[in-house]
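entry06.pdb (PDB, C-alpha atoms, pLDDT in the B column) appears below.
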```
MODEL        1
ATOM      1  CA  MET L   1     -16.802  -6.908  16.990  1.00 59.00           C
ATOM      2  CA  THR L   2     -15.227  -8.909  19.819  1.00 59.00           C
ATOM      3  CA  GLY L   3     -14.169 -12.539  19.924  1.00 65.00           C
ATOM      4  CA  THR L   4     -13.816 -15.126  22.658  1.00 63.00           C
ATOM      5  CA  ARG L   5     -10.708 -17.295  22.714  1.00 65.00           C
ATOM      6  CA  ASP L   6     -11.433 -20.821  23.956  1.00 64.00           C
ATOM      7  CA  HIS L   7      -9.558 -23.812  22.586  1.00 58.00           C
ATOM      8  CA  THR L   8      -7.448 -26.777  23.567  1.00 56.00           C
ATOM      9  CA  MET L   9      -3.727 -26.147  23.189  1.00 53.00           C
ATOM     10  CA  SER L  10      -2.048 -28.392  20.633  1.00 49.00           C
ATOM     11  CA  GLN L  11       1.617 -29.281  20.300  1.00 46.00           C
ATOM     12  CA  SER L  12       1.941 -27.170  17.137  1.00 46.00           C
ATOM     13  CA  GLU L  13       0.500 -24.078  18.838  1.00 52.00           C
ATOM     14  CA  SER L  14       2.657 -24.243  21.945  1.00 54.00           C
ATOM     15  CA  ASN L  15       6.156 -23.013  22.670  1.00 61.00           C
ATOM     16  CA  PRO L  16       8.506 -25.026  24.906  1.00 58.00           C
ATOM     17  CA  GLN L  17       9.816 -23.178  27.954  1.00 59.00           C
ATOM     18  CA  ALA L  18      13.129 -23.769  29.726  1.00 54.00           C
ATOM     19  CA  ASP L  19      11.536 -25.968  32.381  1.00 62.00           C
ATOM     20  CA  GLY L  20       9.824 -28.186  29.809  1.00 65.00           C
ATOM     21  CA  LYS L  21       6.398 -26.611  30.226  1.00 77.00           C
ATOM     22  CA  ARG L  22       4.486 -25.459  27.175  1.00 81.00           C
ATOM     23  CA  MET L  23       2.705 -22.169  26.717  1.00 84.00           C
ATOM     24  CA  SER L  24       0.240 -21.182  23.982  1.00 86.00           C
ATOM     25  CA  LYS L  25       0.838 -17.895  22.179  1.00 84.00           C
ATOM     26  CA  ASP L  26      -1.839 -15.810  20.446  1.00 86.00           C
ATOM     27  CA  ALA L  27      -1.074 -12.861  18.163  1.00 83.00           C
ATOM     28  CA  PHE L  28      -4.078 -10.557  18.073  1.00 87.00           C
ATOM     29  CA  PHE L  29      -4.418  -7.021  16.671  1.00 89.00           C
ATOM     30  CA  ALA L  30      -1.985  -7.670  13.852  1.00 87.00           C
ATOM     31  CA  THR L  31      -1.008  -5.104  11.221  1.00 94.00           C
ATOM     32  CA  PRO L  32      -0.989  -7.008   7.917  1.00 95.00           C
ATOM     33  CA  ILE L  33       1.059  -5.688   5.001  1.00 97.00           C
ATOM     34  CA  TYR L  34       0.665  -7.525   1.693  1.00 98.00           C
ATOM     35  CA  LEU L  35       3.299  -7.617  -1.033  1.00 98.00           C
ATOM     36  CA  THR L  36       3.369  -9.114  -4.523  1.00 98.00           C
ATOM     37  CA  ASP L  37       5.447  -8.667  -7.659  1.00 98.00           C
ATOM     38  CA  LEU L  38       3.254  -8.496 -10.757  1.00 97.00           C
ATOM     39  CA  ALA L  39       4.189 -10.974 -13.467  1.00 94.00           C
ATOM     40  CA  ASP L  40       5.212  -9.578 -16.859  1.00 88.00           C
ATOM     41  CA  SER L  41       5.121  -5.985 -15.579  1.00 97.00           C
ATOM     42  CA  THR L  42       7.682  -4.600 -18.047  1.00 97.00           C
ATOM     43  CA  ALA L  43       5.217  -3.715 -20.806  1.00 97.00           C
ATOM     44  CA  LEU L  44       2.689  -2.427 -18.269  1.00 97.00           C
ATOM     45  CA  ASN L  45       5.305  -0.139 -16.714  1.00 98.00           C
ATOM     46  CA  GLU L  46       6.484   1.239 -20.052  1.00 98.00           C
ATOM     47  CA  ASN L  47       2.925   2.284 -20.900  1.00 98.00           C
ATOM     48  CA  LEU L  48       2.398   3.707 -17.423  1.00 98.00           C
ATOM     49  CA  LYS L  49       5.577   5.780 -17.592  1.00 98.00           C
ATOM     50  CA  ALA L  50       4.564   7.315 -20.911  1.00 98.00           C
ATOM     51  CA  ASP L  51       0.997   8.078 -19.778  1.00 98.00           C
ATOM     52  CA  ILE L  52       2.020   9.450 -16.378  1.00 98.00           C
ATOM     53  CA  ARG L  53       4.711  11.724 -17.792  1.00 97.00           C
ATOM     54  CA  SER L  54       2.277  12.961 -20.418  1.00 97.00           C
ATOM     55  CA  TRP L  55      -0.171  13.728 -17.611  1.00 97.00           C
ATOM     56  CA  ARG L  56       2.492  15.699 -15.737  1.00 95.00           C
ATOM     57  CA  GLN L  57       3.283  17.656 -18.884  1.00 95.00           C
ATOM     58  CA  ARG L  58      -0.384  18.667 -19.191  1.00 95.00           C
ATOM     59  CA  ASP L  59      -0.671  19.458 -15.464  1.00 93.00           C
ATOM     60  CA  PRO L  60       2.806  20.360 -14.182  1.00 89.00           C
ATOM     61  CA  GLU L  61       1.495  21.851 -10.926  1.00 85.00           C
ATOM     62  CA  GLY L  62      -0.417  18.716  -9.947  1.00 84.00           C
ATOM     63  CA  THR L  63      -1.779  18.752  -6.411  1.00 84.00           C
ATOM     64  CA  VAL L  64      -0.246  18.817  -2.947  1.00 72.00           C
ATOM     65  CA  ARG L  65      -1.025  16.190  -0.305  1.00 71.00           C
ATOM     66  CA  SER L  66       1.776  14.364   1.546  1.00 74.00           C
ATOM     67  CA  ASN L  67       4.182  15.166  -1.299  1.00 69.00           C
ATOM     68  CA  VAL L  68       6.639  17.985  -0.694  1.00 66.00           C
ATOM     69  CA  ALA L  69       6.231  19.935  -3.920  1.00 69.00           C
ATOM     70  CA  GLN L  70       9.047  22.349  -3.019  1.00 67.00           C
ATOM     71  CA  ALA L  71      11.417  19.370  -3.126  1.00 72.00           C
ATOM     72  CA  GLY L  72      10.184  18.272  -6.537  1.00 77.00           C
ATOM     73  CA  ALA L  73       7.526  15.699  -5.600  1.00 86.00           C
ATOM     74  CA  TRP L  74       4.703  15.699  -8.191  1.00 94.00           C
ATOM     75  CA  HIS L  75       1.279  14.314  -7.254  1.00 93.00           C
ATOM     76  CA  SER L  76      -1.424  13.940  -9.916  1.00 95.00           C
ATOM     77  CA  ALA L  77      -5.142  14.462  -9.492  1.00 93.00           C
ATOM     78  CA  THR L  78      -6.807  11.557  -7.676  1.00 94.00           C
ATOM     79  CA  ASP L  79      -9.081  10.395 -10.520  1.00 95.00           C
ATOM     80  CA  MET L  80      -6.550   8.046 -12.135  1.00 96.00           C
ATOM     81  CA  HIS L  81      -8.912   5.068 -11.633  1.00 97.00           C
ATOM     82  CA  THR L  82     -11.521   6.725 -13.869  1.00 95.00           C
ATOM     83  CA  ARG L  83      -9.142   7.169 -16.819  1.00 96.00           C
ATOM     84  CA  ARG L  84      -9.374   4.312 -19.292  1.00 96.00           C
ATOM     85  CA  GLU L  85      -5.680   4.289 -20.215  1.00 96.00           C
ATOM     86  CA  PHE L  86      -4.916   3.100 -16.662  1.00 97.00           C
ATOM     87  CA  ASP L  87      -7.438   0.232 -16.650  1.00 97.00           C
ATOM     88  CA  PRO L  88      -4.747  -2.463 -17.086  1.00 97.00           C
ATOM     89  CA  LEU L  89      -3.236  -1.493 -13.727  1.00 98.00           C
ATOM     90  CA  SER L  90      -6.659  -1.012 -12.123  1.00 98.00           C
ATOM     91  CA  ARG L  91      -7.638  -4.561 -13.078  1.00 97.00           C
ATOM     92  CA  GLU L  92      -4.538  -5.884 -11.313  1.00 97.00           C
ATOM     93  CA  LEU L  93      -5.373  -3.875  -8.198  1.00 98.00           C
ATOM     94  CA  PHE L  94      -8.971  -5.090  -8.033  1.00 98.00           C
ATOM     95  CA  GLU L  95      -7.835  -8.703  -8.368  1.00 97.00           C
ATOM     96  CA  VAL L  96      -5.349  -8.336  -5.501  1.00 98.00           C
ATOM     97  CA  LEU L  97      -7.797  -6.476  -3.259  1.00 98.00           C
ATOM     98  CA  GLN L  98     -10.518  -9.064  -3.838  1.00 98.00           C
ATOM     99  CA  GLY L  99      -8.025 -11.726  -2.769  1.00 98.00           C
ATOM    100  CA  ILE L 100      -7.289  -9.802   0.442  1.00 98.00           C
ATOM    101  CA  TYR L 101     -11.008  -9.396   1.173  1.00 98.00           C
ATOM    102  CA  ASP L 102     -11.534 -13.131   0.665  1.00 98.00           C
ATOM    103  CA  GLU L 103      -8.548 -14.066   2.820  1.00 97.00           C
ATOM    104  CA  LEU L 104      -9.747 -11.877   5.708  1.00 97.00           C
ATOM    105  CA  GLY L 105     -13.319 -13.158   5.541  1.00 97.00           C
ATOM    106  CA  TYR L 106     -15.062  -9.980   4.407  1.00 98.00           C
ATOM    107  CA  ASP L 107     -18.793 -10.235   3.666  1.00 98.00           C
ATOM    108  CA  PRO L 108     -19.083 -11.467   0.029  1.00 97.00           C
ATOM    109  CA  ASP L 109     -22.158  -9.251  -0.464  1.00 98.00           C
ATOM    110  CA  PHE L 110     -19.710  -6.332  -0.505  1.00 97.00           C
ATOM    111  CA  GLU L 111     -17.034  -5.825  -3.148  1.00 97.00           C
ATOM    112  CA  PRO L 112     -13.865  -3.725  -3.358  1.00 97.00           C
ATOM    113  CA  VAL L 113     -14.449  -0.162  -4.495  1.00 97.00           C
ATOM    114  CA  CYS L 114     -11.790   2.393  -5.385  1.00 97.00           C
ATOM    115  CA  ASP L 115     -12.571   6.087  -4.994  1.00 95.00           C
ATOM    116  CA  SER L 116      -9.092   7.565  -5.441  1.00 96.00           C
ATOM    117  CA  MET L 117      -5.933   6.661  -7.280  1.00 97.00           C
ATOM    118  CA  TRP L 118      -3.043   8.876  -8.298  1.00 97.00           C
ATOM    119  CA  ALA L 119       0.444   8.967  -9.763  1.00 97.00           C
ATOM    120  CA  ASN L 120       3.576  10.183  -7.997  1.00 95.00           C
ATOM    121  CA  ILE L 121       6.861  11.306  -9.530  1.00 96.00           C
ATOM    122  CA  ASN L 122       9.681  12.004  -7.096  1.00 94.00           C
ATOM    123  CA  SER L 123      12.769  13.550  -8.631  1.00 92.00           C
ATOM    124  CA  ARG L 124      16.083  13.757  -6.773  1.00 93.00           C
ATOM    125  CA  HIS L 125      15.643  14.795  -3.088  1.00 93.00           C
ATOM    126  CA  ALA L 126      11.817  14.629  -3.323  1.00 91.00           C
ATOM    127  CA  TYR L 127       9.952  12.837  -0.531  1.00 86.00           C
ATOM    128  CA  ASN L 128       6.552  12.366   1.152  1.00 88.00           C
ATOM    129  CA  ARG L 129       5.745  13.327   4.741  1.00 88.00           C
ATOM    130  CA  HIS L 130       4.267  10.980   7.357  1.00 90.00           C
ATOM    131  CA  HIS L 131       0.561  10.500   6.715  1.00 92.00           C
ATOM    132  CA  THR L 132      -2.419   8.137   6.685  1.00 94.00           C
ATOM    133  CA  HIS L 133      -5.260   7.728   4.165  1.00 94.00           C
ATOM    134  CA  PRO L 134      -8.617   8.647   5.777  1.00 93.00           C
ATOM    135  CA  HIS L 135     -12.003   7.312   4.616  1.00 94.00           C
ATOM    136  CA  ALA L 136     -10.485   4.058   3.323  1.00 97.00           C
ATOM    137  CA  LEU L 137      -9.907   0.500   4.506  1.00 98.00           C
ATOM    138  CA  TRP L 138      -6.856  -0.331   2.402  1.00 98.00           C
ATOM    139  CA  SER L 139      -4.245   1.743   0.640  1.00 98.00           C
ATOM    140  CA  GLY L 140      -1.189   0.815  -1.335  1.00 98.00           C
ATOM    141  CA  VAL L 141       1.541   1.644  -3.766  1.00 98.00           C
ATOM    142  CA  TYR L 142       2.655   0.183  -7.079  1.00 98.00           C
ATOM    143  CA  TYR L 143       6.174   0.919  -8.343  1.00 98.00           C
ATOM    144  CA  VAL L 144       6.440   1.862 -12.003  1.00 98.00           C
ATOM    145  CA  GLN L 145      10.057   3.039 -11.969  1.00 98.00           C
ATOM    146  CA  ALA L 146      12.425   2.561  -9.045  1.00 98.00           C
ATOM    147  CA  PRO L 147      16.127   3.303  -9.591  1.00 97.00           C
ATOM    148  CA  ASP L 148      18.601   2.445  -6.842  1.00 97.00           C
ATOM    149  CA  ASP L 149      18.386   4.601  -3.699  1.00 97.00           C
ATOM    150  CA  CYS L 150      15.147   6.268  -4.808  1.00 97.00           C
ATOM    151  CA  GLY L 151      13.550   6.313  -1.338  1.00 96.00           C
ATOM    152  CA  LEU L 152      12.373   3.632   1.090  1.00 97.00           C
ATOM    153  CA  LEU L 153       8.735   3.184   2.085  1.00 97.00           C
ATOM    154  CA  TYR L 154       8.620   3.584   5.871  1.00 96.00           C
ATOM    155  CA  PHE L 155       6.005   2.261   8.319  1.00 97.00           C
ATOM    156  CA  THR L 156       5.934   2.868  12.051  1.00 94.00           C
ATOM    157  CA  ASP L 157       4.237   0.886  14.841  1.00 93.00           C
ATOM    158  CA  PRO L 158       0.678   2.284  15.171  1.00 92.00           C
ATOM    159  CA  ARG L 159       0.559   1.467  18.916  1.00 91.00           C
ATOM    160  CA  PRO L 160       2.158   4.354  20.835  1.00 87.00           C
ATOM    161  CA  GLN L 161       1.718   2.461  24.120  1.00 90.00           C
ATOM    162  CA  THR L 162       4.495   0.067  23.060  1.00 87.00           C
ATOM    163  CA  GLN L 163       6.996   2.896  23.592  1.00 85.00           C
ATOM    164  CA  ILE L 164       6.229   3.237  27.307  1.00 92.00           C
ATOM    165  CA  LEU L 165       9.099   0.870  28.078  1.00 92.00           C
ATOM    166  CA  THR L 166      11.037  -0.979  25.386  1.00 89.00           C
ATOM    167  CA  PRO L 167      12.837  -4.247  26.149  1.00 93.00           C
ATOM    168  CA  TYR L 168      16.429  -5.195  25.373  1.00 94.00           C
ATOM    169  CA  PHE L 169      16.535  -7.722  22.517  1.00 95.00           C
ATOM    170  CA  ASP L 170      19.066 -10.249  21.362  1.00 95.00           C
ATOM    171  CA  LEU L 171      19.398  -8.844  17.839  1.00 92.00           C
ATOM    172  CA  ARG L 172      20.413 -12.250  16.500  1.00 93.00           C
ATOM    173  CA  ARG L 173      17.043 -13.735  17.486  1.00 94.00           C
ATOM    174  CA  ARG L 174      14.650 -10.782  17.501  1.00 93.00           C
ATOM    175  CA  HIS L 175      11.314 -11.696  15.920  1.00 90.00           C
ATOM    176  CA  PRO L 176       9.970  -9.358  13.156  1.00 90.00           C
ATOM    177  CA  GLY L 177       6.719  -9.113  15.129  1.00 88.00           C
ATOM    178  CA  THR L 178       8.580  -7.029  17.727  1.00 89.00           C
ATOM    179  CA  TRP L 179       9.926  -4.437  15.287  1.00 91.00           C
ATOM    180  CA  ASN L 180       8.694  -0.864  15.860  1.00 91.00           C
ATOM    181  CA  GLU L 181       9.498   0.336  12.358  1.00 93.00           C
ATOM    182  CA  VAL L 182       9.706  -1.353   8.962  1.00 96.00           C
ATOM    183  CA  PHE L 183      11.262  -0.250   5.673  1.00 97.00           C
ATOM    184  CA  TYR L 184      10.372  -1.569   2.219  1.00 97.00           C
ATOM    185  CA  GLN L 185      12.714  -1.282  -0.759  1.00 97.00           C
ATOM    186  CA  PRO L 186      10.960  -0.098  -3.952  1.00 97.00           C
ATOM    187  CA  ARG L 187      11.113  -2.568  -6.842  1.00 97.00           C
ATOM    188  CA  GLU L 188       9.663  -2.043 -10.300  1.00 98.00           C
ATOM    189  CA  GLY L 189       6.528  -4.142 -10.683  1.00 98.00           C
ATOM    190  CA  ARG L 190       6.051  -4.497  -6.917  1.00 98.00           C
ATOM    191  CA  LEU L 191       2.670  -3.888  -5.291  1.00 98.00           C
ATOM    192  CA  ILE L 192       2.350  -3.250  -1.543  1.00 98.00           C
ATOM    193  CA  VAL L 193      -1.056  -3.042   0.166  1.00 98.00           C
ATOM    194  CA  PHE L 194      -1.501  -1.914   3.782  1.00 98.00           C
ATOM    195  CA  PRO L 195      -4.227  -0.695   6.181  1.00 98.00           C
ATOM    196  CA  ALA L 196      -5.190   2.861   5.326  1.00 98.00           C
ATOM    197  CA  TRP L 197      -4.794   3.911   8.968  1.00 97.00           C
ATOM    198  CA  LEU L 198      -1.130   2.841   9.121  1.00 97.00           C
ATOM    199  CA  VAL L 199       1.245   5.801   9.370  1.00 95.00           C
ATOM    200  CA  HIS L 200       3.808   5.808   6.574  1.00 95.00           C
ATOM    201  CA  ALA L 201       6.233   8.048   4.710  1.00 95.00           C
ATOM    202  CA  VAL L 202       8.603   7.990   1.736  1.00 95.00           C
ATOM    203  CA  HIS L 203      12.283   8.770   2.197  1.00 95.00           C
ATOM    204  CA  PRO L 204      14.047  11.225  -0.143  1.00 95.00           C
ATOM    205  CA  ASN L 205      15.065  10.060  -3.585  1.00 96.00           C
ATOM    206  CA  LEU L 206      18.874   9.886  -3.567  1.00 96.00           C
ATOM    207  CA  SER L 207      19.305   8.184  -6.924  1.00 96.00           C
ATOM    208  CA  ASP L 208      22.463   9.016  -8.857  1.00 96.00           C
ATOM    209  CA  GLU L 209      20.718   8.529 -12.197  1.00 95.00           C
ATOM    210  CA  ASP L 210      20.360  11.628 -14.360  1.00 93.00           C
ATOM    211  CA  GLY L 211      17.117  13.128 -15.670  1.00 94.00           C
ATOM    212  CA  GLU L 212      14.007  11.001 -16.047  1.00 95.00           C
ATOM    213  CA  ALA L 213      15.968   7.799 -15.392  1.00 96.00           C
ATOM    214  CA  GLY L 214      16.468   8.968 -11.785  1.00 97.00           C
ATOM    215  CA  GLU L 215      12.784   9.585 -11.091  1.00 96.00           C
ATOM    216  CA  ARG L 216      10.831   7.398  -8.702  1.00 96.00           C
ATOM    217  CA  ILE L 217       7.423   6.780 -10.296  1.00 98.00           C
ATOM    218  CA  SER L 218       4.654   5.109  -8.352  1.00 97.00           C
ATOM    219  CA  VAL L 219       0.879   4.813  -8.187  1.00 98.00           C
ATOM    220  CA  SER L 220      -1.085   5.047  -4.933  1.00 97.00           C
ATOM    221  CA  PHE L 221      -4.719   4.174  -4.266  1.00 98.00           C
ATOM    222  CA  ASN L 222      -7.517   3.785  -1.701  1.00 97.00           C
ATOM    223  CA  PHE L 223     -10.125   1.027  -1.400  1.00 98.00           C
ATOM    224  CA  TYR L 224     -13.103   0.288   0.845  1.00 97.00           C
ATOM    225  CA  GLN L 225     -16.314  -1.772   0.516  1.00 97.00           C
ATOM    226  CA  LEU L 226     -19.522  -1.259  -1.437  1.00 95.00           C
ATOM    227  CA  ARG L 227     -22.588  -3.491  -1.456  1.00 95.00           C
ATOM    228  CA  ARG L 228     -22.661  -5.319  -4.774  1.00 95.00           C
ATOM    229  CA  GLY L 229     -25.070  -3.747  -7.266  1.00 90.00           C
ATOM    230  CA  SER L 230     -25.896  -0.811  -5.011  1.00 87.00           C
ATOM    231  CA  GLN L 231     -27.276   2.303  -6.702  1.00 82.00           C
ATOM    232  CA  PRO L 232     -27.033   5.223  -6.520  1.00 72.00           C
ATOM    233  CA  ARG L 233     -23.427   5.472  -5.469  1.00 81.00           C
ATOM    234  CA  ASN L 234     -22.022   8.197  -3.267  1.00 79.00           C
ATOM    235  CA  PRO L 235     -22.200  11.383  -5.395  1.00 78.00           C
ATOM    236  CA  HIS L 236     -19.269  12.911  -3.481  1.00 81.00           C
ATOM    237  CA  ARG L 237     -16.864  10.105  -4.374  1.00 86.00           C
ATOM    238  CA  LYS L 238     -15.597   8.835  -7.730  1.00 91.00           C
ATOM    239  CA  GLU L 239     -16.468   5.233  -6.894  1.00 94.00           C
ATOM    240  CA  VAL L 240     -15.314   2.536  -9.325  1.00 95.00           C
ATOM    241  CA  VAL L 241     -15.822  -1.216  -8.961  1.00 95.00           C
ATOM    242  CA  ALA L 242     -14.239  -3.981 -11.046  1.00 95.00           C
ATOM    243  CA  GLY L 243     -17.264  -4.225 -13.341  1.00 94.00           C
ATOM    244  CA  ASP L 244     -16.817  -0.596 -14.407  1.00 94.00           C
ATOM    245  CA  LEU L 245     -13.442  -1.262 -16.014  1.00 94.00           C
ATOM    246  CA  ASP L 246     -12.941  -2.056 -19.669  1.00 89.00           C
ATOM    247  CA  PRO L 247     -12.421  -5.805 -20.205  1.00 88.00           C
ATOM    248  CA  PRO L 248      -8.891  -6.925 -21.054  1.00 86.00           C
ATOM    249  CA  PRO L 249      -8.091  -7.077 -24.778  1.00 80.00           C
TER
ENDMDL
END
```

Reformat the file's structure so that it appears as structure tokens.
Amino acid sequence: MTGTRDHTMSQSESNPQADGKRMSKDAFFATPIYLTDLADSTALNENLKADIRSWRQRDPEGTVRSNVAQAGAWHSATDMHTRREFDPLSRELFEVLQGIYDELGYDPDFEPVCDSMWANINSRHAYNRHHTHPHALWSGVYYVQAPDDCGLLYFTDPRPQTQILTPYFDLRRRHPGTWNEVFYQPREGRLIVFPAWLVHAVHPNLSDEDGEAGERISVSFNFYQLRRGSQPRNPHRKEVVAGDLDPPP
């Protein structure tokens, strides 16, 4: 879909220039990244740690996607959203995603649907290669355990044309909108949601903590849209909507 820009410039939308003239500035084609820290996440994370580690014990090989298994990065199966013990986290994710859909003006006849969700455990030196999440609109990560120096989440500018010629910036005044790479520090209880097409990676876990205390534990997921009440659902995807989850106790 295309849009036509046609409006009268207001004082609040304009930027003063050196000669006193004013110029309007638009910022199209943005790359939104959403972040929130879940309230009262301590109990949630304790349960998640126990259930995820139990899962790894039952399936120590896991699966290999962007995780570098040779370096000790464990990746669970991608059906975490269908397992009832993880419904408390799933409910939080659906609430946040619905808020994003509302804020962006998505058609209310369509609701968030999750078709893949998985746990990650990165021990010391483990990391995840650069990758995207195909067949999804939004992806994200929730941090269950994040010791110091356990690996930054790294995003890079998705517009390669911006590298044709890069300007010199005054680093004291450089606007974040001009950055060509962004790093996020993991924090327990933090949820980050980003476009599924955005290239990202996870730096190696360099925590000094010993044993399980030094592990970086996170949950990743993919969401897109599904028409409300539509049946049958795609038989090739494990589609779950908010109404499929167990109600909170």

Run the PyMOL selection byres ((chain L and resi 154) around 10) against the file shown and list the residues it catches, as a CSV table (one decimal) with C-alpha atoms, in the frame of the given file.
```
chain,number,residue,atom,x,y,z
L,130,HIS,CA,4.3,11.0,7.4
L,151,GLY,CA,13.6,6.3,-1.3
L,152,LEU,CA,12.4,3.6,1.1
L,153,LEU,CA,8.7,3.2,2.1
L,155,PHE,CA,6.0,2.3,8.3
L,156,THR,CA,5.9,2.9,12.1
L,181,GLU,CA,9.5,0.3,12.4
L,182,VAL,CA,9.7,-1.4,9.0
L,183,PHE,CA,11.3,-0.2,5.7
L,184,TYR,CA,10.4,-1.6,2.2
L,185,GLN,CA,12.7,-1.3,-0.8
L,199,VAL,CA,1.2,5.8,9.4
L,200,HIS,CA,3.8,5.8,6.6
L,201,ALA,CA,6.2,8.0,4.7
L,202,VAL,CA,8.6,8.0,1.7
L,203,HIS,CA,12.3,8.8,2.2
```

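We find CA of Ala39 in chain L and CA of Ser90 in chain L to be spaced 14.8 Å apart.
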
Students should find that CA of Arg173 in chain L and CA of Lys25 in chain L are spaced 17.4 Å

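What separates CA of Lys238 in chain L from CA of Leu191 in chain L is a distance of 22.4 Å.
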
Considering only C-alpha atoms, state which residue in the set L:Pro247, L:Gly189, L:Pro160, L:Pro235 is at the smallest distance from Val219 in chain L. L:Gly189

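Between Thr132 in chain L and the candidates L:Ser76, L:Ser66, L:Ser116, L:Ser41, the tightest atom-to-atom separation, counting all atoms listed in the file, involves L:Ser66.
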
Evaluate the PyMOL selection byres ((chain L and resi 148) around 8) against this structure - the residues, as a PyMOL selection string, please. chain L and resi 146-147+149-150+207-208

Explicit residue set for the PyMOL selection byres ((chain L and resi 226) around 10), as number ranges by chain: L: 109-114, 223-225, 227-230, 233-234, 239-241

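With distances taken over all atoms listed in the file, L:Asp115 is the one residue among L:Asp51, L:Glu92, L:Asp170, L:Asp115 lying closest to Pro134 in chain L.
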
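Here the question is which of L:Asp87, L:Pro176, L:Ile192, L:Phe169 gets nearest to Gly243 in chain L using only C-alpha atoms, and that residue is L:Asp87.
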
Do you know which residues are at most 8 Å from Gly140 in chain L counting all atoms listed in the file, after dropping those on the same chain fewer than 3 positions away, and could you put them as an mmCIF file with C-alpha atoms, in the frame of the given file?
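Below is the file out25.cif, written as the result:
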```cif
data_model
loop_
_atom_site.group_PDB
_atom_site.id
_atom_site.type_symbol
_atom_site.label_atom_id
_atom_site.label_comp_id
_atom_site.auth_asym_id
_atom_site.auth_seq_id
_atom_site.Cartn_x
_atom_site.Cartn_y
_atom_site.Cartn_z
ATOM 1 C CA LEU L 191 2.670 -3.888 -5.291
ATOM 2 C CA ILE L 192 2.350 -3.250 -1.543
ATOM 3 C CA VAL L 193 -1.056 -3.042 0.166
ATOM 4 C CA PHE L 194 -1.501 -1.914 3.782
ATOM 5 C CA SER L 220 -1.085 5.047 -4.933
ATOM 6 C CA PHE L 221 -4.719 4.174 -4.266
ATOM 7 C CA ASN L 222 -7.517 3.785 -1.701
#
```

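Using only C-alpha atoms, the smallest distance between any of L:Arg22, L:Asn120, L:Val144, L:Ala77 and Leu44 in chain L comes from L:Val144.
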
If I put a ball of radius 8 Å at (-8.3, -4.2, 5.1) in the file's coordinates, which residues poke into it when counting all atoms listed in the file, written as a ChimeraX atom specification? /L:100-101,104,137-138,194-196,224

Name all residues at most 9 Å from Pro158 in chain L (count all atoms listed in the file; drop same-chain ones fewer than 6 positions away) and give them as an NGL selection string. :L and (31 or 180 or 197-199)

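Shortest atom-to-atom contact with Ala27 in chain L among L:Pro248, L:Pro60, L:Gly99, L:Gly177: L:Gly177, counting all atoms listed in the file.
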
Return as JSON the box centre and box size in Å, one decimal, for an axis-aligned box around all listed atoms of range 21-39 of chain L padded by 5 Å per side.
```
{"center_x": 1.0, "center_y": -15.9, "center_z": 8.4, "size_x": 20.8, "size_y": 31.5, "size_z": 53.7}
```

Would you fill the gaps in range 146-157 of chain L so it has N, CA and C atoms, then print it as a compact mmCIF listing (two decimals), keeping the file's coordinate frame?
```txt
# COMPACT_ATOMS: atom_id res chain seq x y z
N ALA L 146 11.78 2.49 -10.36
CA ALA L 146 12.42 2.56 -9.04
C ALA L 146 13.93 2.37 -9.19
N PRO L 147 14.66 3.43 -9.52
CA PRO L 147 16.13 3.30 -9.59
C PRO L 147 16.71 3.07 -8.20
N ASP L 148 17.95 2.68 -8.13
CA ASP L 148 18.60 2.44 -6.84
C ASP L 148 18.56 3.71 -5.99
N ASP L 149 18.35 3.50 -4.69
CA ASP L 149 18.39 4.60 -3.70
C ASP L 149 17.34 5.68 -3.98
N CYS L 150 16.17 5.27 -4.46
CA CYS L 150 15.15 6.27 -4.81
C CYS L 150 14.18 6.56 -3.67
N GLY L 151 14.38 5.98 -2.49
CA GLY L 151 13.55 6.31 -1.34
C GLY L 151 12.78 5.12 -0.80
N LEU L 152 13.06 4.75 0.45
CA LEU L 152 12.37 3.63 1.09
C LEU L 152 10.96 4.01 1.51
N LEU L 153 10.07 3.03 1.50
CA LEU L 153 8.74 3.18 2.08
C LEU L 153 8.86 2.82 3.56
N TYR L 154 8.39 3.71 4.44
CA TYR L 154 8.62 3.58 5.87
C TYR L 154 7.30 3.48 6.61
N PHE L 155 7.17 2.43 7.45
CA PHE L 155 6.00 2.26 8.32
C PHE L 155 6.47 2.29 9.77
N THR L 156 5.62 2.84 10.63
CA THR L 156 5.93 2.87 12.05
C THR L 156 4.83 2.18 12.84
N ASP L 157 5.18 1.60 13.98
CA ASP L 157 4.24 0.89 14.84
C ASP L 157 3.07 1.82 15.20
```
